[in-house]
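Next up, target_8.pdb (PDB, C-alpha atoms):
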ATOM      1  CA  GLY A   1     -23.320 -21.441 -57.433  1.00  0.00           C
ATOM      2  CA  GLU A   2     -26.366 -19.493 -56.497  1.00  0.00           C
ATOM      3  CA  SER A   3     -26.635 -18.393 -52.929  1.00  0.00           C
ATOM      4  CA  VAL A   4     -28.389 -16.239 -50.455  1.00  0.00           C
ATOM      5  CA  GLY A   5     -26.476 -13.348 -48.975  1.00  0.00           C
ATOM      6  CA  LEU A   6     -27.070 -10.673 -46.412  1.00  0.00           C
ATOM      7  CA  HIS A   7     -26.324  -6.981 -46.805  1.00  0.00           C
ATOM      8  CA  LEU A   8     -25.303  -6.238 -43.219  1.00  0.00           C
ATOM      9  CA  PRO A   9     -23.333  -8.561 -40.984  1.00  0.00           C
ATOM     10  CA  THR A  10     -24.196  -6.640 -37.790  1.00  0.00           C
ATOM     11  CA  LEU A  11     -27.021  -4.386 -36.700  1.00  0.00           C
ATOM     12  CA  SER A  12     -27.263  -2.435 -33.470  1.00  0.00           C
ATOM     13  CA  VAL A  13     -30.571  -0.869 -32.404  1.00  0.00           C
ATOM     14  CA  GLN A  14     -32.049   0.804 -29.370  1.00  0.00           C
ATOM     15  CA  GLU A  15     -34.653  -1.022 -27.387  1.00  0.00           C
ATOM     16  CA  GLY A  16     -38.076  -0.025 -28.604  1.00  0.00           C
ATOM     17  CA  ASP A  17     -36.927   0.921 -32.095  1.00  0.00           C
ATOM     18  CA  ASN A  18     -37.852  -1.011 -35.201  1.00  0.00           C
ATOM     19  CA  SER A  19     -35.243  -3.271 -36.798  1.00  0.00           C
ATOM     20  CA  ILE A  20     -34.875  -4.087 -40.457  1.00  0.00           C
ATOM     21  CA  ILE A  21     -32.697  -6.976 -41.561  1.00  0.00           C
ATOM     22  CA  ASN A  22     -32.081  -7.387 -45.267  1.00  0.00           C
ATOM     23  CA  CYS A  23     -31.294 -10.339 -47.457  1.00  0.00           C
ATOM     24  CA  ALA A  24     -30.475 -10.697 -51.153  1.00  0.00           C
ATOM     25  CA  TYR A  25     -31.001 -13.875 -53.076  1.00  0.00           C
ATOM     26  CA  SER A  26     -29.856 -14.764 -56.550  1.00  0.00           C
ATOM     27  CA  ASN A  27     -31.880 -17.829 -57.509  1.00  0.00           C
ATOM     28  CA  SER A  28     -34.930 -16.571 -59.344  1.00  0.00           C
ATOM     29  CA  ALA A  29     -36.413 -20.080 -59.172  1.00  0.00           C
ATOM     30  CA  SER A  30     -36.663 -19.933 -55.386  1.00  0.00           C
ATOM     31  CA  ASP A  31     -40.274 -19.970 -54.332  1.00  0.00           C
ATOM     32  CA  TYR A  32     -40.137 -20.219 -50.571  1.00  0.00           C
ATOM     33  CA  PHE A  33     -38.253 -18.131 -48.053  1.00  0.00           C
ATOM     34  CA  ILE A  34     -37.807 -18.440 -44.325  1.00  0.00           C
ATOM     35  CA  TRP A  35     -36.355 -16.302 -41.590  1.00  0.00           C
ATOM     36  CA  TYR A  36     -34.713 -18.060 -38.671  1.00  0.00           C
ATOM     37  CA  LYS A  37     -33.415 -16.695 -35.403  1.00  0.00           C
ATOM     38  CA  GLN A  38     -30.450 -18.305 -33.705  1.00  0.00           C
ATOM     39  CA  GLU A  39     -29.502 -17.473 -30.152  1.00  0.00           C
ATOM     40  CA  SER A  40     -26.056 -18.264 -28.875  1.00  0.00           C
ATOM     41  CA  GLY A  41     -25.556 -21.977 -28.296  1.00  0.00           C
ATOM     42  CA  LYS A  42     -28.948 -22.928 -29.693  1.00  0.00           C
ATOM     43  CA  GLY A  43     -30.401 -24.255 -32.886  1.00  0.00           C
ATOM     44  CA  PRO A  44     -32.145 -21.996 -35.416  1.00  0.00           C
ATOM     45  CA  GLN A  45     -35.715 -21.155 -34.536  1.00  0.00           C
ATOM     46  CA  PHE A  46     -38.358 -20.503 -37.178  1.00  0.00           C
ATOM     47  CA  ILE A  47     -39.684 -16.933 -37.204  1.00  0.00           C
ATOM     48  CA  ILE A  48     -41.738 -16.446 -40.326  1.00  0.00           C
ATOM     49  CA  ASP A  49     -41.941 -17.668 -43.900  1.00  0.00           C
ATOM     50  CA  ILE A  50     -43.255 -16.356 -47.177  1.00  0.00           C
ATOM     51  CA  ARG A  51     -44.041 -17.918 -50.506  1.00  0.00           C
ATOM     52  CA  SER A  52     -43.169 -16.321 -53.802  1.00  0.00           C
ATOM     53  CA  ASN A  53     -46.796 -15.583 -54.645  1.00  0.00           C
ATOM     54  CA  MET A  54     -46.876 -13.069 -51.780  1.00  0.00           C
ATOM     55  CA  ASP A  55     -45.191  -9.691 -51.237  1.00  0.00           C
ATOM     56  CA  LYS A  56     -45.742  -9.323 -47.540  1.00  0.00           C
ATOM     57  CA  ARG A  57     -46.578 -11.423 -44.552  1.00  0.00           C
ATOM     58  CA  GLN A  58     -47.082 -10.350 -40.976  1.00  0.00           C
ATOM     59  CA  GLY A  59     -46.614 -12.187 -37.745  1.00  0.00           C
ATOM     60  CA  GLN A  60     -46.459 -11.107 -34.166  1.00  0.00           C
ATOM     61  CA  ARG A  61     -44.155  -8.041 -34.178  1.00  0.00           C
ATOM     62  CA  VAL A  62     -42.475  -9.309 -37.344  1.00  0.00           C
ATOM     63  CA  THR A  63     -43.121  -8.606 -40.992  1.00  0.00           C
ATOM     64  CA  VAL A  64     -41.403 -10.163 -43.977  1.00  0.00           C
ATOM     65  CA  LEU A  65     -41.317  -8.342 -47.295  1.00  0.00           C
ATOM     66  CA  LEU A  66     -40.433 -10.001 -50.565  1.00  0.00           C
ATOM     67  CA  ASN A  67     -39.433  -8.056 -53.657  1.00  0.00           C
ATOM     68  CA  LYS A  68     -39.027 -10.536 -56.469  1.00  0.00           C
ATOM     69  CA  THR A  69     -38.088  -7.859 -58.988  1.00  0.00           C
ATOM     70  CA  VAL A  70     -34.811  -7.143 -57.235  1.00  0.00           C
ATOM     71  CA  LYS A  71     -34.591 -10.490 -55.426  1.00  0.00           C
ATOM     72  CA  HIS A  72     -34.673  -8.929 -52.009  1.00  0.00           C
ATOM     73  CA  LEU A  73     -36.107 -10.112 -48.730  1.00  0.00           C
ATOM     74  CA  SER A  74     -36.374  -8.188 -45.490  1.00  0.00           C
ATOM     75  CA  LEU A  75     -37.394  -8.902 -41.925  1.00  0.00           C
ATOM     76  CA  GLN A  76     -38.878  -6.096 -39.898  1.00  0.00           C
ATOM     77  CA  ILE A  77     -39.085  -6.386 -36.133  1.00  0.00           C
ATOM     78  CA  ALA A  78     -41.312  -3.864 -34.403  1.00  0.00           C
ATOM     79  CA  ALA A  79     -40.473  -2.476 -30.960  1.00  0.00           C
ATOM     80  CA  THR A  80     -37.257  -4.444 -30.703  1.00  0.00           C
ATOM     81  CA  GLN A  81     -36.652  -6.021 -27.322  1.00  0.00           C
ATOM     82  CA  PRO A  82     -33.467  -7.306 -25.654  1.00  0.00           C
ATOM     83  CA  GLY A  83     -34.739 -10.838 -26.205  1.00  0.00           C
ATOM     84  CA  ASP A  84     -34.542 -10.217 -29.936  1.00  0.00           C
ATOM     85  CA  SER A  85     -30.751 -10.132 -29.764  1.00  0.00           C
ATOM     86  CA  ALA A  86     -29.586 -13.037 -31.897  1.00  0.00           C
ATOM     87  CA  VAL A  87     -28.266 -13.910 -35.330  1.00  0.00           C
ATOM     88  CA  TYR A  88     -30.913 -13.845 -38.024  1.00  0.00           C
ATOM     89  CA  PHE A  89     -30.675 -15.990 -41.119  1.00  0.00           C
ATOM     90  CA  CYS A  90     -32.701 -15.932 -44.262  1.00  0.00           C
ATOM     91  CA  ALA A  91     -32.986 -19.149 -46.214  1.00  0.00           C
ATOM     92  CA  GLU A  92     -34.413 -19.971 -49.603  1.00  0.00           C
ATOM     93  CA  ASN A  93     -35.771 -23.081 -51.177  1.00  0.00           C
ATOM     94  CA  ASN A  94     -37.326 -24.166 -54.394  1.00  0.00           C
ATOM     95  CA  ALA A  95     -39.352 -27.270 -54.918  1.00  0.00           C
ATOM     96  CA  GLY A  96     -36.996 -28.435 -57.607  1.00  0.00           C
ATOM     97  CA  ASN A  97     -33.966 -28.252 -55.353  1.00  0.00           C
ATOM     98  CA  ASN A  98     -34.720 -31.324 -53.286  1.00  0.00           C
ATOM     99  CA  ARG A  99     -36.221 -29.097 -50.600  1.00  0.00           C
ATOM    100  CA  LYS A 100     -32.867 -28.260 -49.068  1.00  0.00           C
ATOM    101  CA  LEU A 101     -32.530 -24.769 -47.705  1.00  0.00           C
ATOM    102  CA  ILE A 102     -29.804 -22.446 -48.925  1.00  0.00           C
ATOM    103  CA  TRP A 103     -28.665 -20.179 -46.115  1.00  0.00           C
ATOM    104  CA  GLY A 104     -27.136 -16.762 -45.959  1.00  0.00           C
ATOM    105  CA  LEU A 105     -24.299 -15.822 -43.628  1.00  0.00           C
ATOM    106  CA  GLY A 106     -26.489 -14.201 -40.985  1.00  0.00           C
ATOM    107  CA  THR A 107     -26.956 -10.791 -39.420  1.00  0.00           C
ATOM    108  CA  SER A 108     -26.164 -10.303 -35.781  1.00  0.00           C
ATOM    109  CA  LEU A 109     -28.750  -8.081 -34.092  1.00  0.00           C
ATOM    110  CA  ALA A 110     -27.713  -6.344 -30.884  1.00  0.00           C
ATOM    111  CA  VAL A 111     -30.379  -4.533 -28.891  1.00  0.00           C
ATOM    112  CA  ASN A 112     -29.115  -1.752 -26.644  1.00  0.00           C
ATOM    113  CA  PRO A 113     -31.122  -0.990 -23.502  1.00  0.00           C
TER     114      PRO A 113
ATOM    115  CA  ASN B   1     -44.945 -33.388 -29.282  1.00  0.00           C
ATOM    116  CA  ALA B   2     -41.259 -33.271 -28.526  1.00  0.00           C
ATOM    117  CA  GLY B   3     -39.066 -31.252 -30.835  1.00  0.00           C
ATOM    118  CA  VAL B   4     -36.115 -32.497 -32.802  1.00  0.00           C
ATOM    119  CA  MET B   5     -33.792 -34.278 -30.397  1.00  0.00           C
ATOM    120  CA  GLN B   6     -30.088 -34.419 -30.961  1.00  0.00           C
ATOM    121  CA  ASN B   7     -27.542 -36.224 -28.856  1.00  0.00           C
ATOM    122  CA  PRO B   8     -25.068 -35.865 -27.542  1.00  0.00           C
ATOM    123  CA  ARG B   9     -25.096 -32.084 -27.105  1.00  0.00           C
ATOM    124  CA  HIS B  10     -21.333 -32.026 -26.774  1.00  0.00           C
ATOM    125  CA  LEU B  11     -18.875 -34.577 -28.074  1.00  0.00           C
ATOM    126  CA  VAL B  12     -15.124 -34.608 -27.697  1.00  0.00           C
ATOM    127  CA  ARG B  13     -13.064 -36.936 -29.845  1.00  0.00           C
ATOM    128  CA  ARG B  14      -9.373 -37.419 -30.367  1.00  0.00           C
ATOM    129  CA  ARG B  15      -7.985 -37.258 -33.877  1.00  0.00           C
ATOM    130  CA  GLY B  16      -8.527 -40.548 -35.631  1.00  0.00           C
ATOM    131  CA  GLN B  17     -11.544 -41.604 -33.596  1.00  0.00           C
ATOM    132  CA  GLU B  18     -15.081 -41.953 -34.862  1.00  0.00           C
ATOM    133  CA  ALA B  19     -17.916 -39.566 -34.064  1.00  0.00           C
ATOM    134  CA  ARG B  20     -21.572 -40.607 -34.141  1.00  0.00           C
ATOM    135  CA  LEU B  21     -24.221 -37.918 -33.995  1.00  0.00           C
ATOM    136  CA  ARG B  22     -27.854 -38.865 -33.502  1.00  0.00           C
ATOM    137  CA  CYS B  23     -31.023 -37.084 -34.504  1.00  0.00           C
ATOM    138  CA  SER B  24     -34.585 -38.053 -33.691  1.00  0.00           C
ATOM    139  CA  PRO B  25     -37.001 -36.056 -35.859  1.00  0.00           C
ATOM    140  CA  MET B  26     -40.305 -34.660 -34.703  1.00  0.00           C
ATOM    141  CA  LYS B  27     -43.182 -37.098 -34.679  1.00  0.00           C
ATOM    142  CA  GLY B  28     -44.696 -37.413 -38.128  1.00  0.00           C
ATOM    143  CA  HIS B  29     -41.656 -35.961 -39.883  1.00  0.00           C
ATOM    144  CA  SER B  30     -40.147 -38.189 -42.523  1.00  0.00           C
ATOM    145  CA  HIS B  31     -37.515 -35.794 -43.855  1.00  0.00           C
ATOM    146  CA  VAL B  32     -34.240 -35.134 -42.093  1.00  0.00           C
ATOM    147  CA  TYR B  33     -31.497 -32.664 -42.960  1.00  0.00           C
ATOM    148  CA  TRP B  34     -28.018 -32.314 -41.535  1.00  0.00           C
ATOM    149  CA  TYR B  35     -26.180 -28.999 -41.472  1.00  0.00           C
ATOM    150  CA  ARG B  36     -22.777 -27.975 -40.256  1.00  0.00           C
ATOM    151  CA  GLN B  37     -21.994 -24.609 -38.714  1.00  0.00           C
ATOM    152  CA  LEU B  38     -18.645 -23.063 -37.919  1.00  0.00           C
ATOM    153  CA  PRO B  39     -18.438 -20.198 -35.386  1.00  0.00           C
ATOM    154  CA  GLU B  40     -19.683 -16.878 -36.755  1.00  0.00           C
ATOM    155  CA  GLU B  41     -20.854 -18.527 -39.959  1.00  0.00           C
ATOM    156  CA  GLY B  42     -24.095 -19.683 -41.489  1.00  0.00           C
ATOM    157  CA  LEU B  43     -25.304 -23.206 -41.860  1.00  0.00           C
ATOM    158  CA  LYS B  44     -23.921 -25.374 -44.623  1.00  0.00           C
ATOM    159  CA  PHE B  45     -26.126 -28.087 -46.033  1.00  0.00           C
ATOM    160  CA  MET B  46     -24.653 -31.553 -45.802  1.00  0.00           C
ATOM    161  CA  VAL B  47     -27.271 -34.188 -46.532  1.00  0.00           C
ATOM    162  CA  TYR B  48     -31.011 -34.688 -46.932  1.00  0.00           C
ATOM    163  CA  LEU B  49     -32.588 -38.016 -46.100  1.00  0.00           C
ATOM    164  CA  GLN B  50     -35.958 -39.642 -46.062  1.00  0.00           C
ATOM    165  CA  LYS B  51     -36.630 -42.917 -44.334  1.00  0.00           C
ATOM    166  CA  GLU B  52     -34.110 -45.465 -45.649  1.00  0.00           C
ATOM    167  CA  ASN B  53     -33.087 -43.185 -48.526  1.00  0.00           C
ATOM    168  CA  ILE B  54     -30.436 -40.559 -49.107  1.00  0.00           C
ATOM    169  CA  ILE B  55     -32.033 -37.925 -51.320  1.00  0.00           C
ATOM    170  CA  ASP B  56     -29.226 -35.408 -51.602  1.00  0.00           C
ATOM    171  CA  GLU B  57     -25.722 -35.726 -50.175  1.00  0.00           C
ATOM    172  CA  SER B  58     -24.134 -33.049 -52.299  1.00  0.00           C
ATOM    173  CA  GLY B  59     -22.888 -31.125 -49.264  1.00  0.00           C
ATOM    174  CA  MET B  60     -21.230 -34.007 -47.536  1.00  0.00           C
ATOM    175  CA  PRO B  61     -17.531 -34.795 -47.983  1.00  0.00           C
ATOM    176  CA  LYS B  62     -17.008 -37.936 -50.033  1.00  0.00           C
ATOM    177  CA  GLU B  63     -14.624 -39.471 -47.552  1.00  0.00           C
ATOM    178  CA  ARG B  64     -15.058 -40.223 -43.859  1.00  0.00           C
ATOM    179  CA  PHE B  65     -18.630 -38.884 -43.668  1.00  0.00           C
ATOM    180  CA  SER B  66     -21.778 -40.950 -43.947  1.00  0.00           C
ATOM    181  CA  ALA B  67     -25.397 -40.573 -42.961  1.00  0.00           C
ATOM    182  CA  GLU B  68     -28.351 -42.863 -42.577  1.00  0.00           C
ATOM    183  CA  PHE B  69     -31.997 -42.664 -41.589  1.00  0.00           C
ATOM    184  CA  PRO B  70     -33.186 -46.206 -40.944  1.00  0.00           C
ATOM    185  CA  LYS B  71     -36.758 -47.364 -40.916  1.00  0.00           C
ATOM    186  CA  GLU B  72     -36.608 -47.550 -37.145  1.00  0.00           C
ATOM    187  CA  GLY B  73     -34.532 -45.335 -34.918  1.00  0.00           C
ATOM    188  CA  PRO B  74     -32.788 -42.011 -35.261  1.00  0.00           C
ATOM    189  CA  SER B  75     -30.832 -40.586 -38.124  1.00  0.00           C
ATOM    190  CA  ILE B  76     -27.085 -40.991 -37.667  1.00  0.00           C
ATOM    191  CA  LEU B  77     -24.324 -38.784 -38.990  1.00  0.00           C
ATOM    192  CA  ARG B  78     -21.069 -40.672 -38.788  1.00  0.00           C
ATOM    193  CA  ILE B  79     -17.618 -39.166 -39.106  1.00  0.00           C
ATOM    194  CA  GLN B  80     -14.747 -41.599 -39.275  1.00  0.00           C
ATOM    195  CA  GLN B  81     -11.122 -40.787 -38.428  1.00  0.00           C
ATOM    196  CA  VAL B  82     -11.977 -37.295 -37.251  1.00  0.00           C
ATOM    197  CA  VAL B  83      -9.570 -34.421 -37.810  1.00  0.00           C
ATOM    198  CA  ARG B  84      -9.390 -31.027 -36.116  1.00  0.00           C
ATOM    199  CA  GLY B  85     -11.149 -29.429 -39.063  1.00  0.00           C
ATOM    200  CA  ASP B  86     -14.255 -31.473 -38.284  1.00  0.00           C
ATOM    201  CA  SER B  87     -14.777 -29.443 -35.110  1.00  0.00           C
ATOM    202  CA  ALA B  88     -18.078 -27.620 -35.559  1.00  0.00           C
ATOM    203  CA  ALA B  89     -21.698 -27.566 -34.530  1.00  0.00           C
ATOM    204  CA  TYR B  90     -23.810 -30.092 -36.412  1.00  0.00           C
ATOM    205  CA  PHE B  91     -27.499 -29.380 -36.630  1.00  0.00           C
ATOM    206  CA  CYS B  92     -30.266 -31.693 -37.632  1.00  0.00           C
ATOM    207  CA  ALA B  93     -33.629 -30.505 -38.886  1.00  0.00           C
ATOM    208  CA  SER B  94     -36.804 -32.348 -39.775  1.00  0.00           C
ATOM    209  CA  SER B  95     -39.880 -31.530 -41.793  1.00  0.00           C
ATOM    210  CA  PRO B  96     -43.147 -33.236 -42.677  1.00  0.00           C
ATOM    211  CA  PRO B  97     -43.800 -34.768 -46.099  1.00  0.00           C
ATOM    212  CA  ARG B  98     -45.611 -31.750 -47.597  1.00  0.00           C
ATOM    213  CA  MET B  99     -43.606 -29.290 -49.685  1.00  0.00           C
ATOM    214  CA  ASN B 100     -42.601 -25.744 -48.792  1.00  0.00           C
ATOM    215  CA  THR B 101     -42.879 -25.941 -45.083  1.00  0.00           C
ATOM    216  CA  GLU B 102     -40.453 -24.894 -42.446  1.00  0.00           C
ATOM    217  CA  ALA B 103     -37.905 -27.271 -41.038  1.00  0.00           C
ATOM    218  CA  PHE B 104     -37.585 -27.577 -37.285  1.00  0.00           C
ATOM    219  CA  PHE B 105     -34.113 -27.693 -35.833  1.00  0.00           C
ATOM    220  CA  GLY B 106     -32.556 -29.527 -32.945  1.00  0.00           C
ATOM    221  CA  GLN B 107     -30.172 -27.877 -30.487  1.00  0.00           C
ATOM    222  CA  GLY B 108     -27.158 -29.276 -32.277  1.00  0.00           C
ATOM    223  CA  THR B 109     -24.168 -31.397 -31.374  1.00  0.00           C
ATOM    224  CA  ARG B 110     -20.952 -29.523 -30.769  1.00  0.00           C
ATOM    225  CA  LEU B 111     -18.071 -31.685 -31.856  1.00  0.00           C
ATOM    226  CA  THR B 112     -14.599 -30.865 -30.626  1.00  0.00           C
ATOM    227  CA  VAL B 113     -11.652 -32.793 -31.990  1.00  0.00           C
ATOM    228  CA  VAL B 114      -8.556 -32.640 -29.820  1.00  0.00           C
TER     229      VAL B 114
END
Show this structure as structure tokens.
Amino acid sequence: GESVGLHLPTLSVQEGDNSIINCAYSNSASDYFIWYKQESGKGPQFIIDIRSNMDKRQGQRVTVLLNKTVKHLSLQIAATQPGDSAVYFCAENNAGNNRKLIWGLGTSLAVNP
Amino acid sequence: NAGVMQNPRHLVRRRGQEARLRCSPMKGHSHVYWYRQLPEEGLKFMVYLQKENIIDESGMPKERFSAEFPKEGPSILRIQQVVRGDSAAYFCASSPPRMNTEAFFGQGTRLTVV
């Protein structure tokens, strides 16, 4: 079946650097994408979302880029902090898919002091 | 406005027993989703419910698993005759009625079958 996948299972960055986490999706009908952050022992926490009619969306220190041509999604974290260490998941949804989210495997981000 | 509340946070069951996991959605949210997560893995969709209706249970095993979201009270995920392979974290999420909006997650119930 169609699924969301992540390019890199782990990412290690220095504190203060920018982080880029990538995600590939295969369902061209998906029209809504979300990035979640999951810290150890906790539930996923919403970071930022983007709809398919947009290419870019910015939040506080985070930016999501959507390239529909190559079905690619990325999360950029500026000035990465130790508190950003977590597993990051991208998820996709389309209105015709009963609203359920399809999740990728996750990328573990480790921030080195 | 309290977030999504799941209880218990940790549940230990012996093989063959029943496990009941509860989820109270955020106020105003009429859609509930259950996901299962194994260590070092992503979330796997199990079931999507609205009040008194199961909308999509395509991710839920046909046997031993059931879910409900009654008109009053929390959503319940029920696992009968648990086996060791049922050990996992089970997350509940809720969302409001409008489309294309983020789902808010609870802290999960960690089920351990011994």
Exercise. Near chain B, which residues of chain A fall within 8 Å when you count all atoms listed in the file, and what do they look like as a list in words?
Worked result: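 The selection requested is Tyr32, Ile34, Gly41, Lys42, Gly43, Pro44, Gln45, Phe46, Asp49, Phe89, Asn93, Asn94, Ala95, Asn98, Arg99, Lys100, Leu101, Ile102, Trp103, Gly104, Leu105 and Gly106 of chain A.
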Exercise. Can you tell me how far atom CA of Glu52 of chain B sits from atom CA of Ile76 of chain B, in Å to one decimal?
Worked result: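 Between atom CA of Glu52 of chain B and atom CA of Ile76 of chain B the gap is 11.5 Å.
Among B:Ala88, B:Leu21, B:Val4, B:Val82, the residue with the shortest atom-to-atom distance to Pro39 of chain B, counting only C-alpha atoms, is B:Ala88.
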Around the point (-37.6, -42.2, -36.2) (coordinates from the file), which residues reach within 7 Å if we count all atoms listed in the file? Answer as a compact mmCIF listing (two decimals) with C-alpha atoms, in the frame of the given file.
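Contents of the output file point34.txt:
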# COMPACT_ATOMS: atom_id res chain seq x y z
CA SER B 24 -34.58 -38.05 -33.69
CA PRO B 25 -37.00 -36.06 -35.86
CA GLU B 72 -36.61 -47.55 -37.15
CA GLY B 73 -34.53 -45.34 -34.92
CA PRO B 74 -32.79 -42.01 -35.26
For this session: Please identify all polymer residues within 8 Å of segment 56-66 of chain A, counting only C-alpha atoms, omitting same-chain residues fewer than 5 positions from it, and present them as a PyMOL selection string.
Result: chain A and resi 48-50+71-79
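If you measure from each of A:Pro82, A:Gln38, A:Cys90, A:Asp31 to Asp55 of chain A using only C-alpha atoms, the closest one turns out to be A:Asp31.
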Exercise. Hey, what comes out of the PyMOL selection byres ((chain A and resi 109-111) around 9) on this file? Could you write it as a list in words?
Worked result: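 Taken over the shown coordinates, the PyMOL selection byres ((chain A and resi 109-111) around 9) returns Pro9, Thr10, Leu11, Ser12, Val13, Gln14, Glu15, Gly16, Ser19, Ile21, Thr80, Gln81, Pro82, Gly83, Asp84, Ser85, Ala86, Val87, Tyr88, Thr107, Ser108, Asn112 and Pro113 of chain A.
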For this session: For atom CA of Arg64 of chain B and atom CA of Gln50 of chain B, quote the distance in Å rounded to one decimal.
Result: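 Those two atoms sit 21.0 Å apart.
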Exercise. How far is it from atom CA of Thr112 of chain B to atom CA of Glu68 of chain B, in Å with one decimal?
Worked result: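 Taking atom CA of Thr112 of chain B as the start and atom CA of Glu68 of chain B as the end point, the length is 21.8 Å.
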Exercise. Which neighbours of Val83 of chain B fall inside 9 Å, counting only C-alpha atoms, when residues of the same chain fewer than 5 positions from it are skipped, and could you give them as a list of chain:residue names?
Worked result: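 The residues satisfying every condition are B:Arg14, B:Arg15, B:Gly16, B:Gln17, B:Val113, B:Val114.
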Exercise. Any chance you could work out the residue set of the PyMOL selection byres ((chain B and resi 11) around 8) here, as a list of chain:residue names?
Worked result: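 So the PyMOL selection byres ((chain B and resi 11) around 8), applied here, picks out B:Pro8, B:Arg9, B:His10, B:Val12, B:Arg13, B:Ala19, B:Thr109, B:Arg110, B:Leu111, B:Thr112.
For the file shown, the residue list from the PyMOL selection byres ((chain B and resi 29) around 7) reads Pro25, Met26, Lys27, Gly28, Ser30, His31, Ser94, Ser95, Pro96 and Pro97 of chain B.
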Go ahead and save the residues from that selection, with C-alpha atoms, as a PDB file, in the frame of the given file.
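Contents of again-v2.pdb, freshly written:
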ATOM      1  CA  PRO B  25     -37.001 -36.056 -35.859  1.00  0.00           C
ATOM      2  CA  MET B  26     -40.305 -34.660 -34.703  1.00  0.00           C
ATOM      3  CA  LYS B  27     -43.182 -37.098 -34.679  1.00  0.00           C
ATOM      4  CA  GLY B  28     -44.696 -37.413 -38.128  1.00  0.00           C
ATOM      5  CA  SER B  30     -40.147 -38.189 -42.523  1.00  0.00           C
ATOM      6  CA  HIS B  31     -37.515 -35.794 -43.855  1.00  0.00           C
ATOM      7  CA  SER B  94     -36.804 -32.348 -39.775  1.00  0.00           C
ATOM      8  CA  SER B  95     -39.880 -31.530 -41.793  1.00  0.00           C
ATOM      9  CA  PRO B  96     -43.147 -33.236 -42.677  1.00  0.00           C
ATOM     10  CA  PRO B  97     -43.800 -34.768 -46.099  1.00  0.00           C
TER      11      PRO B  97
END
Missing atoms of segment 34-45 of chain A rebuilt to N, CA and C atoms, written as a compact mmCIF listing (two decimals), keeping the file's coordinate frame:
# COMPACT_ATOMS: atom_id res chain seq x y z
N ILE A 34 -37.59 -18.33 -45.77
CA ILE A 34 -37.81 -18.44 -44.32
C ILE A 34 -36.80 -17.56 -43.60
N TRP A 35 -37.26 -16.97 -42.52
CA TRP A 35 -36.35 -16.30 -41.59
C TRP A 35 -36.25 -17.15 -40.33
N TYR A 36 -34.99 -17.34 -39.91
CA TYR A 36 -34.71 -18.06 -38.67
C TYR A 36 -33.94 -17.15 -37.72
N LYS A 37 -34.14 -17.40 -36.45
CA LYS A 37 -33.42 -16.70 -35.40
C LYS A 37 -32.57 -17.72 -34.66
N GLN A 38 -31.31 -17.38 -34.44
CA GLN A 38 -30.45 -18.30 -33.70
C GLN A 38 -29.79 -17.58 -32.54
N GLU A 39 -30.13 -18.00 -31.35
CA GLU A 39 -29.50 -17.47 -30.15
C GLU A 39 -28.24 -18.27 -29.87
N SER A 40 -27.35 -17.66 -29.14
CA SER A 40 -26.06 -18.26 -28.88
C SER A 40 -26.20 -19.65 -28.25
N GLY A 41 -25.56 -20.63 -28.85
CA GLY A 41 -25.56 -21.98 -28.30
C GLY A 41 -26.81 -22.78 -28.57
N LYS A 42 -27.69 -22.23 -29.41
CA LYS A 42 -28.95 -22.93 -29.69
C LYS A 42 -29.11 -23.18 -31.18
N GLY A 43 -30.09 -24.01 -31.49
CA GLY A 43 -30.40 -24.26 -32.89
C GLY A 43 -31.25 -23.14 -33.46
N PRO A 44 -31.30 -23.02 -34.79
CA PRO A 44 -32.15 -22.00 -35.42
C PRO A 44 -33.62 -22.22 -35.07
N GLN A 45 -34.30 -21.12 -34.89
CA GLN A 45 -35.72 -21.16 -34.54
C GLN A 45 -36.50 -20.44 -35.62
